[in-house]
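*Asks:* Below is upload-v3.cif; it holds mmCIF, C-alpha atoms.
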```cif
data_upload
loop_
_atom_site.group_PDB
_atom_site.id
_atom_site.type_symbol
_atom_site.label_atom_id
_atom_site.label_comp_id
_atom_site.auth_asym_id
_atom_site.auth_seq_id
_atom_site.Cartn_x
_atom_site.Cartn_y
_atom_site.Cartn_z
ATOM 1 C CA MET A 165 136.453 95.277 73.563
ATOM 2 C CA ASN A 166 136.723 92.693 76.334
ATOM 3 C CA ASP A 167 139.084 91.818 79.143
ATOM 4 C CA ARG A 168 140.773 89.085 77.106
ATOM 5 C CA GLN A 169 141.745 91.591 74.415
ATOM 6 C CA LEU A 170 143.075 94.011 77.022
ATOM 7 C CA HIS A 171 145.128 91.241 78.626
ATOM 8 C CA SER A 172 146.563 90.368 75.196
ATOM 9 C CA PHE A 173 147.434 94.008 74.534
ATOM 10 C CA ILE A 174 149.257 94.454 77.863
ATOM 11 C CA THR A 175 151.059 91.120 77.497
ATOM 12 C CA ALA A 176 152.271 92.096 74.006
ATOM 13 C CA ALA A 177 153.408 95.555 75.148
ATOM 14 C CA ASP A 178 155.366 94.041 78.050
ATOM 15 C CA ALA A 179 156.886 91.227 75.926
ATOM 16 C CA GLY A 180 157.812 93.419 72.935
ATOM 17 C CA SER A 181 156.883 90.567 70.606
ATOM 18 C CA PHE A 182 153.649 89.037 69.405
ATOM 19 C CA SER A 183 155.141 85.532 69.276
ATOM 20 C CA LYS A 184 156.516 85.789 72.824
ATOM 21 C CA ALA A 185 153.210 87.180 74.060
ATOM 22 C CA ALA A 186 151.326 84.365 72.311
ATOM 23 C CA ALA A 187 153.547 81.779 73.995
ATOM 24 C CA LEU A 188 152.969 83.421 77.392
ATOM 25 C CA SER A 189 149.214 83.315 76.704
ATOM 26 C CA HIS A 190 149.397 79.631 75.624
ATOM 27 C CA ILE A 191 147.746 80.276 72.252
ATOM 28 C CA SER A 192 149.000 80.409 68.688
ATOM 29 C CA THR A 193 150.518 83.584 67.281
ATOM 30 C CA THR A 194 147.686 83.748 64.722
ATOM 31 C CA ALA A 195 145.015 83.585 67.427
ATOM 32 C CA PHE A 196 146.880 86.153 69.479
ATOM 33 C CA LEU A 197 147.139 88.581 66.550
ATOM 34 C CA GLN A 198 143.386 88.249 66.031
ATOM 35 C CA GLN A 199 142.827 89.543 69.562
ATOM 36 C CA ILE A 200 145.009 92.600 68.893
ATOM 37 C CA GLN A 201 143.362 93.277 65.532
ATOM 38 C CA LEU A 202 139.874 93.040 67.045
ATOM 39 C CA LEU A 203 140.884 95.462 69.791
ATOM 40 C CA GLU A 204 142.364 97.971 67.311
ATOM 41 C CA ALA A 205 139.260 97.740 65.143
ATOM 42 C CA ASP A 206 137.049 98.358 68.162
ATOM 43 C CA ILE A 207 138.896 101.397 69.535
ATOM 44 C CA GLY A 208 139.698 102.874 66.114
ATOM 45 C CA PHE A 209 143.444 103.466 66.301
ATOM 46 C CA ARG A 210 146.732 101.541 66.006
ATOM 47 C CA LEU A 211 148.414 100.357 69.148
ATOM 48 C CA PHE A 212 151.751 99.030 67.855
ATOM 49 C CA HIS A 213 154.520 99.822 65.421
ATOM 50 C CA ARG A 214 155.720 96.606 63.741
ATOM 51 C CA THR A 215 159.512 96.530 63.199
ATOM 52 C CA PRO A 216 162.000 93.802 62.258
ATOM 53 C CA ARG A 217 163.227 93.806 65.850
ATOM 54 C CA GLY A 218 159.774 93.457 67.381
ATOM 55 C CA ILE A 219 156.941 95.765 68.330
ATOM 56 C CA THR A 220 156.734 99.117 70.093
ATOM 57 C CA LEU A 221 153.771 101.107 71.268
ATOM 58 C CA THR A 222 152.459 104.000 69.219
ATOM 59 C CA SER A 223 151.932 107.283 71.064
ATOM 60 C CA ALA A 224 148.233 106.471 71.264
ATOM 61 C CA GLY A 225 149.081 102.928 72.346
ATOM 62 C CA ALA A 226 151.332 104.170 75.157
ATOM 63 C CA SER A 227 148.516 106.372 76.472
ATOM 64 C CA PHE A 228 146.020 103.542 76.139
ATOM 65 C CA TYR A 229 148.379 101.189 78.019
ATOM 66 C CA LYS A 230 148.124 103.252 81.221
ATOM 67 C CA ASP A 231 144.335 103.303 81.140
ATOM 68 C CA ALA A 232 144.045 99.641 80.094
ATOM 69 C CA ALA A 233 145.969 98.574 83.181
ATOM 70 C CA LYS A 234 143.574 100.604 85.352
ATOM 71 C CA ILE A 235 140.562 99.149 83.554
ATOM 72 C CA LEU A 236 141.733 95.584 84.139
ATOM 73 C CA LYS A 237 142.380 96.305 87.793
ATOM 74 C CA LEU A 238 138.882 97.772 88.192
ATOM 75 C CA TYR A 239 137.414 94.826 86.279
ATOM 76 C CA ALA A 240 139.143 92.296 88.549
ATOM 77 C CA SER A 241 137.990 94.225 91.622
ATOM 78 C CA ALA A 242 134.396 94.382 90.344
ATOM 79 C CA CYS A 243 134.403 90.641 89.648
ATOM 80 C CA GLU A 244 135.727 89.910 93.117
ATOM 81 C CA ARG A 245 133.081 92.070 94.773
ATOM 82 C CA GLY A 246 130.354 90.469 92.677
ATOM 83 C CA LYS A 247 131.511 86.977 93.629
ATOM 84 C CA SER A 248 131.600 87.978 97.309
ATOM 85 C CA ILE A 249 128.053 89.320 97.130
ATOM 86 C CA GLU A 250 126.809 86.224 95.313
ATOM 87 C CA THR A 251 128.484 83.960 97.872
ATOM 88 C CA ALA A 252 126.948 85.960 100.730
ATOM 89 C CA GLU A 253 123.496 85.728 99.134
ATOM 90 C CA ALA A 254 123.941 81.999 98.542
ATOM 91 C CA LEU A 255 124.659 81.610 102.268
ATOM 92 C CA SER A 256 121.641 83.586 103.448
ATOM 93 C CA PHE A 257 117.886 83.379 103.239
ATOM 94 C CA ARG A 258 114.803 85.229 104.467
ATOM 95 C CA VAL A 259 112.041 83.475 106.384
ATOM 96 C CA ALA A 260 108.481 84.786 106.021
ATOM 97 C CA TYR A 261 106.353 84.514 109.162
ATOM 98 C CA SER A 262 102.903 85.727 110.185
ATOM 99 C CA GLU A 263 101.379 87.143 113.365
ATOM 100 C CA GLU A 264 100.764 83.556 114.434
ATOM 101 C CA ALA A 265 104.513 83.394 115.074
ATOM 102 C CA ILE A 266 107.177 81.128 113.659
ATOM 103 C CA PRO A 267 106.310 77.468 114.276
ATOM 104 C CA GLY A 268 108.522 75.674 116.756
ATOM 105 C CA PHE A 269 109.811 73.072 114.306
ATOM 106 C CA LEU A 270 111.101 75.802 111.995
ATOM 107 C CA LEU A 271 112.952 77.597 114.791
ATOM 108 C CA SER A 272 114.497 74.333 116.000
ATOM 109 C CA ALA A 273 115.639 73.498 112.478
ATOM 110 C CA LEU A 274 117.131 76.986 112.098
ATOM 111 C CA ASN A 275 119.052 76.591 115.357
ATOM 112 C CA ALA A 276 120.432 73.214 114.274
ATOM 113 C CA CYS A 277 121.400 74.536 110.853
ATOM 114 C CA ARG A 278 123.094 77.657 112.236
ATOM 115 C CA HIS A 279 124.986 75.576 114.804
ATOM 116 C CA ALA A 280 126.406 73.377 112.026
ATOM 117 C CA HIS A 281 126.866 76.267 109.565
ATOM 118 C CA PRO A 282 127.484 79.540 111.451
ATOM 119 C CA GLU A 283 128.296 81.285 108.176
ATOM 120 C CA ILE A 284 124.636 81.130 107.103
ATOM 121 C CA LYS A 285 122.727 84.370 107.693
ATOM 122 C CA VAL A 286 118.970 84.307 108.340
ATOM 123 C CA ASP A 287 116.553 87.258 108.289
ATOM 124 C CA PHE A 288 112.859 87.266 109.231
ATOM 125 C CA ILE A 289 110.172 89.030 107.207
ATOM 126 C CA SER A 290 106.752 89.557 108.823
ATOM 127 C CA VAL A 291 103.839 89.134 106.384
ATOM 128 C CA PRO A 292 100.311 87.647 106.641
ATOM 129 C CA PHE A 293 99.890 84.029 105.559
ATOM 130 C CA SER A 294 97.850 85.168 102.570
ATOM 131 C CA ASP A 295 100.801 87.267 101.351
ATOM 132 C CA TYR A 296 103.415 84.514 101.556
ATOM 133 C CA PHE A 297 103.155 83.736 97.860
ATOM 134 C CA ASP A 298 103.532 87.360 96.783
ATOM 135 C CA ALA A 299 106.474 87.758 99.161
ATOM 136 C CA LEU A 300 108.288 84.794 97.634
ATOM 137 C CA SER A 301 107.374 85.600 94.031
ATOM 138 C CA GLY A 302 108.365 89.233 94.548
ATOM 139 C CA ASP A 303 111.758 88.301 96.007
ATOM 140 C CA PHE A 304 110.974 89.726 99.455
ATOM 141 C CA ALA A 305 111.384 86.327 101.156
ATOM 142 C CA ASP A 306 112.870 82.925 100.310
ATOM 143 C CA ILE A 307 111.061 80.340 102.444
ATOM 144 C CA ALA A 308 107.982 79.985 104.664
ATOM 145 C CA ALA A 309 106.354 77.208 106.690
ATOM 146 C CA ILE A 310 102.846 76.436 105.497
ATOM 147 C CA ALA A 311 100.161 73.766 105.136
ATOM 148 C CA GLU A 312 100.021 72.389 101.604
ATOM 149 C CA PRO A 313 98.652 75.024 99.203
ATOM 150 C CA THR A 314 96.586 74.537 96.059
ATOM 151 C CA ASP A 315 98.573 73.870 92.895
ATOM 152 C CA ASP A 316 97.610 77.178 91.274
ATOM 153 C CA ARG A 317 99.585 79.066 93.958
ATOM 154 C CA LEU A 318 102.827 77.278 93.102
ATOM 155 C CA GLN A 319 104.109 79.390 90.213
ATOM 156 C CA ASP A 320 107.899 79.752 90.518
ATOM 157 C CA ILE A 321 107.410 78.412 94.054
ATOM 158 C CA ALA A 322 108.020 74.846 95.239
ATOM 159 C CA PHE A 323 106.248 73.040 98.076
ATOM 160 C CA TYR A 324 108.478 70.764 100.154
ATOM 161 C CA PRO A 325 106.273 68.398 102.218
ATOM 162 C CA LEU A 326 107.535 67.469 105.662
ATOM 163 C CA ARG A 327 104.826 65.123 106.933
ATOM 164 C CA GLN A 328 101.117 64.384 107.199
ATOM 165 C CA ASP A 329 99.546 66.427 109.954
ATOM 166 C CA PHE A 330 96.495 66.262 112.245
ATOM 167 C CA TYR A 331 94.302 69.025 113.580
ATOM 168 C CA SER A 332 94.637 70.505 117.042
ATOM 169 C CA PHE A 333 92.007 72.633 118.749
ATOM 170 C CA CYS A 334 92.638 75.791 120.743
ATOM 171 C CA MET A 335 90.413 76.727 123.675
ATOM 172 C CA ARG A 336 90.276 78.530 126.995
ATOM 173 C CA PRO A 337 91.542 76.496 129.974
ATOM 174 C CA GLU A 338 87.974 76.488 131.371
ATOM 175 C CA HIS A 339 86.563 74.718 128.303
ATOM 176 C CA PRO A 340 85.065 71.226 128.971
ATOM 177 C CA LEU A 341 87.440 69.632 126.448
ATOM 178 C CA SER A 342 90.617 71.289 127.691
ATOM 179 C CA ALA A 343 91.488 68.432 130.056
ATOM 180 C CA GLN A 344 91.514 65.865 127.239
ATOM 181 C CA THR A 345 94.829 64.529 125.952
ATOM 182 C CA SER A 346 93.412 63.847 122.495
ATOM 183 C CA LEU A 347 90.142 64.614 120.755
ATOM 184 C CA SER A 348 88.048 62.466 118.432
ATOM 185 C CA ALA A 349 85.561 63.701 115.848
ATOM 186 C CA GLU A 350 82.719 62.395 118.001
ATOM 187 C CA GLN A 351 83.768 64.563 120.958
ATOM 188 C CA LEU A 352 83.941 67.637 118.746
ATOM 189 C CA GLN A 353 80.528 67.154 117.157
ATOM 190 C CA LYS A 354 78.870 68.827 120.157
ATOM 191 C CA TYR A 355 80.677 72.115 119.546
ATOM 192 C CA THR A 356 80.997 74.806 116.909
ATOM 193 C CA VAL A 357 84.553 75.083 115.646
ATOM 194 C CA LEU A 358 85.858 78.341 114.168
ATOM 195 C CA CYS A 359 87.875 78.037 110.960
ATOM 196 C CA GLY A 360 90.343 80.740 109.916
ATOM 197 C CA ASN A 361 90.208 82.242 106.441
ATOM 198 C CA TYR A 362 93.084 80.546 104.602
ATOM 199 C CA ASP A 363 91.817 80.253 101.054
ATOM 200 C CA TYR A 364 95.065 78.816 99.690
ATOM 201 C CA LEU A 365 94.746 75.514 101.609
ATOM 202 C CA LYS A 366 94.606 72.357 99.536
ATOM 203 C CA VAL A 367 92.677 70.752 102.420
ATOM 204 C CA PRO A 368 90.397 73.584 103.652
ATOM 205 C CA PHE A 369 89.481 73.608 107.345
ATOM 206 C CA ARG A 370 85.723 74.002 106.913
ATOM 207 C CA GLU A 371 85.155 71.454 104.143
ATOM 208 C CA ASN A 372 87.353 68.859 105.787
ATOM 209 C CA LEU A 373 85.762 69.140 109.239
ATOM 210 C CA LYS A 374 82.224 68.901 107.830
ATOM 211 C CA GLN A 375 82.839 65.396 106.529
ATOM 212 C CA TYR A 376 83.555 64.287 110.109
ATOM 213 C CA GLY A 377 80.207 65.551 111.351
ATOM 214 C CA ILE A 378 81.739 68.594 113.059
ATOM 215 C CA HIS A 379 80.003 71.975 112.897
ATOM 216 C CA PRO A 380 82.574 74.396 111.413
ATOM 217 C CA LYS A 381 82.046 78.141 111.265
ATOM 218 C CA GLN A 382 84.056 80.170 108.782
ATOM 219 C CA VAL A 383 85.528 83.437 110.026
ATOM 220 C CA ASP A 384 86.629 86.225 107.705
ATOM 221 C CA THR A 385 90.177 86.570 109.024
ATOM 222 C CA GLU A 386 93.355 84.683 109.618
ATOM 223 C CA TYR A 387 94.294 83.924 113.217
ATOM 224 C CA THR A 388 95.625 87.410 113.798
ATOM 225 C CA MET A 389 96.506 88.770 117.214
ATOM 226 C CA SER A 390 93.149 90.560 117.285
ATOM 227 C CA PHE A 391 91.307 87.296 116.611
ATOM 228 C CA ARG A 392 93.232 85.392 119.262
ATOM 229 C CA THR A 393 92.729 88.102 121.863
ATOM 230 C CA GLY A 394 88.980 87.878 121.287
ATOM 231 C CA GLN A 395 89.036 84.102 121.737
ATOM 232 C CA LEU A 396 90.537 84.476 125.198
ATOM 233 C CA PHE A 397 87.070 85.626 126.313
ATOM 234 C CA SER A 398 85.078 83.079 124.308
ATOM 235 C CA ASP A 399 84.015 79.488 124.870
ATOM 236 C CA GLU A 400 84.395 78.715 121.155
ATOM 237 C CA LEU A 401 87.088 76.433 119.775
ATOM 238 C CA PHE A 402 89.239 77.146 116.766
ATOM 239 C CA VAL A 403 91.163 74.681 114.647
ATOM 240 C CA ILE A 404 94.856 74.756 113.714
ATOM 241 C CA HIS A 405 97.401 72.410 112.179
ATOM 242 C CA SER A 406 99.239 70.605 114.968
ATOM 243 C CA MET A 407 102.634 71.640 113.591
ATOM 244 C CA TRP A 408 101.796 75.183 114.780
ATOM 245 C CA SER A 409 100.714 74.144 118.289
ATOM 246 C CA GLN A 410 103.668 75.752 120.067
ATOM 247 C CA ALA A 411 102.667 79.147 118.683
ATOM 248 C CA TYR A 412 99.374 79.005 120.636
ATOM 249 C CA THR A 413 100.157 77.260 123.920
ATOM 250 C CA ARG A 414 101.118 80.487 125.688
ATOM 251 C CA PHE A 415 97.491 81.645 125.814
ATOM 252 C CA PHE A 416 95.343 78.594 125.037
ATOM 253 C CA ASN A 417 95.000 74.969 125.898
ATOM 254 C CA VAL A 418 95.862 73.232 122.638
ATOM 255 C CA VAL A 419 94.510 69.694 122.388
ATOM 256 C CA PRO A 420 95.515 67.436 119.476
ATOM 257 C CA SER A 421 93.027 65.271 117.619
ATOM 258 C CA THR A 422 92.935 62.180 115.434
ATOM 259 C CA ILE A 423 91.482 64.078 112.445
ATOM 260 C CA PRO A 424 93.810 64.143 109.390
ATOM 261 C CA ALA A 425 94.666 67.660 108.197
ATOM 262 C CA GLY A 426 96.700 66.980 105.044
ATOM 263 C CA ARG A 427 100.371 67.658 104.530
ATOM 264 C CA VAL A 428 102.462 70.472 105.998
ATOM 265 C CA GLY A 429 105.845 71.694 104.884
ATOM 266 C CA VAL A 430 107.542 74.759 103.479
ATOM 267 C CA ILE A 431 107.329 76.763 100.297
ATOM 268 C CA TYR A 432 110.455 78.297 98.772
ATOM 269 C CA ARG A 433 111.454 80.330 95.757
ATOM 270 C CA THR A 434 112.893 78.454 92.804
ATOM 271 C CA PRO A 435 115.572 77.890 91.805
ATOM 272 C CA ALA A 436 116.561 77.208 95.411
ATOM 273 C CA SER A 437 119.728 78.830 96.731
ATOM 274 C CA MET A 438 122.568 76.802 98.209
ATOM 275 C CA ALA A 439 121.477 77.873 101.705
ATOM 276 C CA ILE A 440 117.874 76.732 101.192
ATOM 277 C CA THR A 441 118.986 73.391 99.736
ATOM 278 C CA GLY A 442 121.233 72.866 102.754
ATOM 279 C CA PHE A 443 118.480 73.868 105.185
ATOM 280 C CA LEU A 444 115.783 71.450 103.966
ATOM 281 C CA PRO A 445 117.301 68.294 105.578
ATOM 282 C CA TYR A 446 117.315 70.039 108.969
ATOM 283 C CA LEU A 447 113.636 70.845 108.515
ATOM 284 C CA GLN A 448 112.860 67.251 107.632
ATOM 285 C CA GLN A 449 114.689 65.909 110.685
ATOM 286 C CA GLU A 450 113.029 68.369 113.063
ATOM 287 C CA ALA A 451 109.554 67.687 111.622
ATOM 288 C CA GLU A 452 110.022 63.952 112.166
ATOM 289 C CA GLU A 453 111.253 64.485 115.719
ATOM 290 C CA GLN A 454 108.334 66.767 116.526
ATOM 291 C CA HIS A 455 105.891 64.220 115.133
ATOM 292 C CA GLN A 456 107.333 61.609 117.484
ATOM 293 C CA ARG A 457 106.879 63.985 120.443
ATOM 294 C CA LEU A 458 103.217 64.737 119.681
#
```
Just give me the structure of the file as structure tokens.
*Replies:*
Amino acid sequence: MNDRQLHSFITAADAGSFSKAAALSHISTTAFLQQIQLLEADIGFRLFHRTPRGITLTSAGASFYKDAAKILKLYASACERGKSIETAEALSFRVAYSEEAIPGFLLSALNACRHAHPEIKVDFISVPFSDYFDALSGDFADIAAIAEPTDDRLQDIAFYPLRQDFYSFCMRPEHPLSAQTSLSAEQLQKYTVLCGNYDYLKVPFRENLKQYGIHPKQVDTEYTMSFRTGQLFSDELFVIHSMWSQAYTRFFNVVPSTIPAGRVGVIYRTPASMAITGFLPYLQQEAEEQHQRL
């Protein structure tokens, strides 16, 4: 039994004629009768008396008519609610972010997108960087800003590159390099640079810095709040992608460098929702504008 068969049954009962009901349904009488026969075969009892003057409901058919009308009304209501929920989900997405805070370019893009499309709903889900992929694969989040990951992490997840990035270096205001406006590899070779534990990176901090003659030191954690608090009392530097600079400037002097860091962008669950697809151009525009400001 399906809604089409129920519609045919109610139309026939109201019209009092299969031919009239078929015309109202814009199908042939033969095709219409097939719908009634399939319905009767499915429910196991006759619905109509056939007479020379037309059709009338059987006693069972009259009882079924009342319930069929209720069923169709409930069906239409359920469909409407489902469509409303799907539309709401299509116009919403969840942003994963870590303790390092949401990068400035992502927040600016969100503000621009929400200003143009106030109907879009955005939620924020706090998870460590290392759990971004599980959060997206497990349907806990829809999008996250990230430096380009290795290909093996991109299962049912797409990477959308925004631009090539350079490293910046975080340090206490008293550090000898903190007054510089930009750092070269040669200036950094005199210092040990701490590298956070981000094993998903396609361009790893430690391996990339070593080829520039810099002395990197791997730490066993991400740049958590505990790590950053400790660095407030240390003369050591630590390296970040410049796209995340705004997340660190409250407590550290953040000095950009000329050292390439690979691509940065966002990862998102696939297939992308309508909201995510609409949001990506705002991200691209904001990333380009931020690059011009750096």
*Asks:* Determine the residue membership of the PyMOL selection byres ((chain A and resi 268) around 8) for the file above and supply it as a ChimeraX atom specification.
*Replies:* /A:266-267,269-272,407-408,410-411
*Asks:* Generate a file of the selected residues that holds C-alpha atoms, formatted as a short mmCIF file (atom, residue, chain, number, x, y, z; two decimals), in the frame of the given file.
*Replies:*
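Generated file (part_32.cif):
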```cif
data_model
loop_
_atom_site.label_atom_id
_atom_site.label_comp_id
_atom_site.auth_asym_id
_atom_site.auth_seq_id
_atom_site.Cartn_x
_atom_site.Cartn_y
_atom_site.Cartn_z
CA ILE A 266 107.18 81.13 113.66
CA PRO A 267 106.31 77.47 114.28
CA PHE A 269 109.81 73.07 114.31
CA LEU A 270 111.10 75.80 112.00
CA LEU A 271 112.95 77.60 114.79
CA SER A 272 114.50 74.33 116.00
CA MET A 407 102.63 71.64 113.59
CA TRP A 408 101.80 75.18 114.78
CA GLN A 410 103.67 75.75 120.07
CA ALA A 411 102.67 79.15 118.68
#
```
*Asks:* When the PyMOL selection byres ((chain A and resi 442-449) around 7) is applied to the structure above, which residues does it catch, written out as a list in words?
*Replies:*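 That selection, the PyMOL selection byres ((chain A and resi 442-449) around 7), comes back as Leu270, Ala273, Ala276, Cys277, Leu326, Met438, Ala439, Ile440, Thr441, Glu450, Ala451, Glu452 and Glu453 of chain A.
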*Asks:* Which residues, written as a list in words, have at least one atom at most 6 Å from stretch 398-403 of chain A, with only C-alpha atoms counted and residues fewer than 3 positions away on the same chain left out?
*Replies:*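 The neighbour list is Ser332, Phe333, Cys334, Met335, Val357, Leu358, Cys359 and Gln395 of chain A.
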*Asks:* Please provide as JSON, numbers by chain all residues within 8 Å of A:Ala308, with the sequence filter that same-chain residues fewer than 6 positions apart are discarded (counting only C-alpha atoms).
*Replies:* {"A": [259, 260, 261, 296, 430, 431, 432]}
*Asks:* Using 8 Å as the limit and counting all atoms listed in the file, can you tabulate each residue of stretch 302-363 of chain A that touches stretch 417-421 of chain A, with its shortest atom-to-atom distance in Å and the two atoms involved, as a Markdown table?
*Replies:*
```
| residue | atom | partner | partner_atom | distance |
| --- | --- | --- | --- | --- |
| A:Phe330 | CA | A:Ser421 | CA | 6.5 |
| A:Tyr331 | CA | A:Ser421 | CA | 5.7 |
| A:Ser332 | CA | A:Pro420 | CA | 4.0 |
| A:Phe333 | CA | A:Val419 | CA | 5.3 |
| A:Cys334 | CA | A:Val418 | CA | 4.5 |
| A:Met335 | CA | A:Asn417 | CA | 5.4 |
| A:Arg336 | CA | A:Asn417 | CA | 6.0 |
| A:Pro337 | CA | A:Asn417 | CA | 5.6 |
| A:Ser342 | CA | A:Asn417 | CA | 6.0 |
| A:Gln344 | CA | A:Val419 | CA | 6.9 |
| A:Thr345 | CA | A:Val419 | CA | 6.3 |
| A:Ser346 | CA | A:Ser421 | CA | 5.1 |
| A:Leu347 | CA | A:Ser421 | CA | 4.3 |
| A:Ser348 | CA | A:Ser421 | CA | 5.8 |
| A:Ala349 | CA | A:Ser421 | CA | 7.8 |
```
*Asks:* As a check of understanding, name the residues that the PyMOL selection byres ((chain A and resi 386) around 8) selects in the supplied structure, as a PyMOL selection string.
*Replies:* chain A and resi 293+360-362+383-385+387-388+391
*Asks:* Atom CA of A:Lys354 and atom CA of A:Ala311 are how many Å apart?
*Replies:* 26.5 Å
*Asks:* From the options A:Ser406, A:Thr314, A:Ser227, A:Gln319, which residue's atoms come nearest to A:Pro368, counting only C-alpha atoms?
*Replies:* A:Thr314
*Asks:* Could you add whatever atoms are missing so that stretch 168-191 of chain A carries N, CA and C atoms, then write the result as an mmCIF file, keeping the file's coordinate frame?
*Replies:*
```cif
data_model
loop_
_atom_site.group_PDB
_atom_site.id
_atom_site.type_symbol
_atom_site.label_atom_id
_atom_site.label_comp_id
_atom_site.auth_asym_id
_atom_site.auth_seq_id
_atom_site.Cartn_x
_atom_site.Cartn_y
_atom_site.Cartn_z
ATOM 1 N N ARG A 168 139.766 89.948 77.741
ATOM 2 C CA ARG A 168 140.773 89.085 77.106
ATOM 3 C C ARG A 168 141.637 89.887 76.138
ATOM 4 N N GLN A 169 140.999 90.764 75.360
ATOM 5 C CA GLN A 169 141.745 91.591 74.415
ATOM 6 C C GLN A 169 142.684 92.549 75.139
ATOM 7 N N LEU A 170 142.214 93.110 76.249
ATOM 8 C CA LEU A 170 143.075 94.011 77.022
ATOM 9 C C LEU A 170 144.268 93.268 77.614
ATOM 10 N N HIS A 171 144.028 92.061 78.107
ATOM 11 C CA HIS A 171 145.128 91.241 78.626
ATOM 12 C C HIS A 171 146.147 90.962 77.521
ATOM 13 N N SER A 172 145.664 90.640 76.324
ATOM 14 C CA SER A 172 146.563 90.368 75.196
ATOM 15 C C SER A 172 147.391 91.606 74.862
ATOM 16 N N PHE A 173 146.736 92.754 74.841
ATOM 17 C CA PHE A 173 147.434 94.008 74.534
ATOM 18 C C PHE A 173 148.551 94.279 75.544
ATOM 19 N N ILE A 174 148.252 94.168 76.829
ATOM 20 C CA ILE A 174 149.257 94.454 77.863
ATOM 21 C C ILE A 174 150.380 93.426 77.826
ATOM 22 N N THR A 175 150.039 92.167 77.588
ATOM 23 C CA THR A 175 151.059 91.120 77.497
ATOM 24 C C THR A 175 152.007 91.392 76.334
ATOM 25 N N ALA A 176 151.447 91.799 75.181
ATOM 26 C CA ALA A 176 152.271 92.096 74.006
ATOM 27 C C ALA A 176 153.166 93.304 74.255
ATOM 28 N N ALA A 177 152.621 94.353 74.872
ATOM 29 C CA ALA A 177 153.408 95.555 75.148
ATOM 30 C C ALA A 177 154.565 95.235 76.085
ATOM 31 N N ASP A 178 154.308 94.395 77.101
ATOM 32 C CA ASP A 178 155.366 94.041 78.050
ATOM 33 C C ASP A 178 156.402 93.118 77.429
ATOM 34 N N ALA A 179 155.973 92.203 76.531
ATOM 35 C CA ALA A 179 156.886 91.227 75.926
ATOM 36 C C ALA A 179 157.682 91.820 74.769
ATOM 37 N N GLY A 180 157.134 92.823 74.087
ATOM 38 C CA GLY A 180 157.812 93.419 72.935
ATOM 39 C C GLY A 180 157.804 92.534 71.716
ATOM 40 N N SER A 181 156.952 91.508 71.730
ATOM 41 C CA SER A 181 156.883 90.567 70.606
ATOM 42 C C SER A 181 155.550 89.844 70.643
ATOM 43 N N PHE A 182 154.916 89.768 69.458
ATOM 44 C CA PHE A 182 153.649 89.037 69.405
ATOM 45 C C PHE A 182 153.839 87.549 69.652
ATOM 46 N N SER A 183 154.914 86.972 69.110
ATOM 47 C CA SER A 183 155.141 85.532 69.276
ATOM 48 C C SER A 183 155.427 85.184 70.736
ATOM 49 N N LYS A 184 156.242 86.037 71.407
ATOM 50 C CA LYS A 184 156.516 85.789 72.824
ATOM 51 C C LYS A 184 155.235 85.928 73.659
ATOM 52 N N ALA A 185 154.458 86.966 73.333
ATOM 53 C CA ALA A 185 153.210 87.180 74.060
ATOM 54 C C ALA A 185 152.236 86.030 73.843
ATOM 55 N N ALA A 186 152.204 85.502 72.607
ATOM 56 C CA ALA A 186 151.326 84.365 72.311
ATOM 57 C C ALA A 186 151.744 83.141 73.118
ATOM 58 N N ALA A 187 153.055 82.920 73.210
ATOM 59 C CA ALA A 187 153.547 81.779 73.995
ATOM 60 C C ALA A 187 153.195 81.946 75.470
ATOM 61 N N LEU A 188 153.326 83.172 75.997
ATOM 62 C CA LEU A 188 152.969 83.421 77.392
ATOM 63 C C LEU A 188 151.479 83.222 77.643
ATOM 64 N N SER A 189 150.671 83.463 76.592
ATOM 65 C CA SER A 189 149.214 83.315 76.704
ATOM 66 C C SER A 189 148.747 81.905 76.369
ATOM 67 N N HIS A 190 149.691 81.040 75.955
ATOM 68 C CA HIS A 190 149.397 79.631 75.624
ATOM 69 C C HIS A 190 148.403 79.506 74.468
ATOM 70 N N ILE A 191 148.539 80.385 73.479
ATOM 71 C CA ILE A 191 147.746 80.276 72.252
ATOM 72 C C ILE A 191 148.674 80.499 71.071
#
```
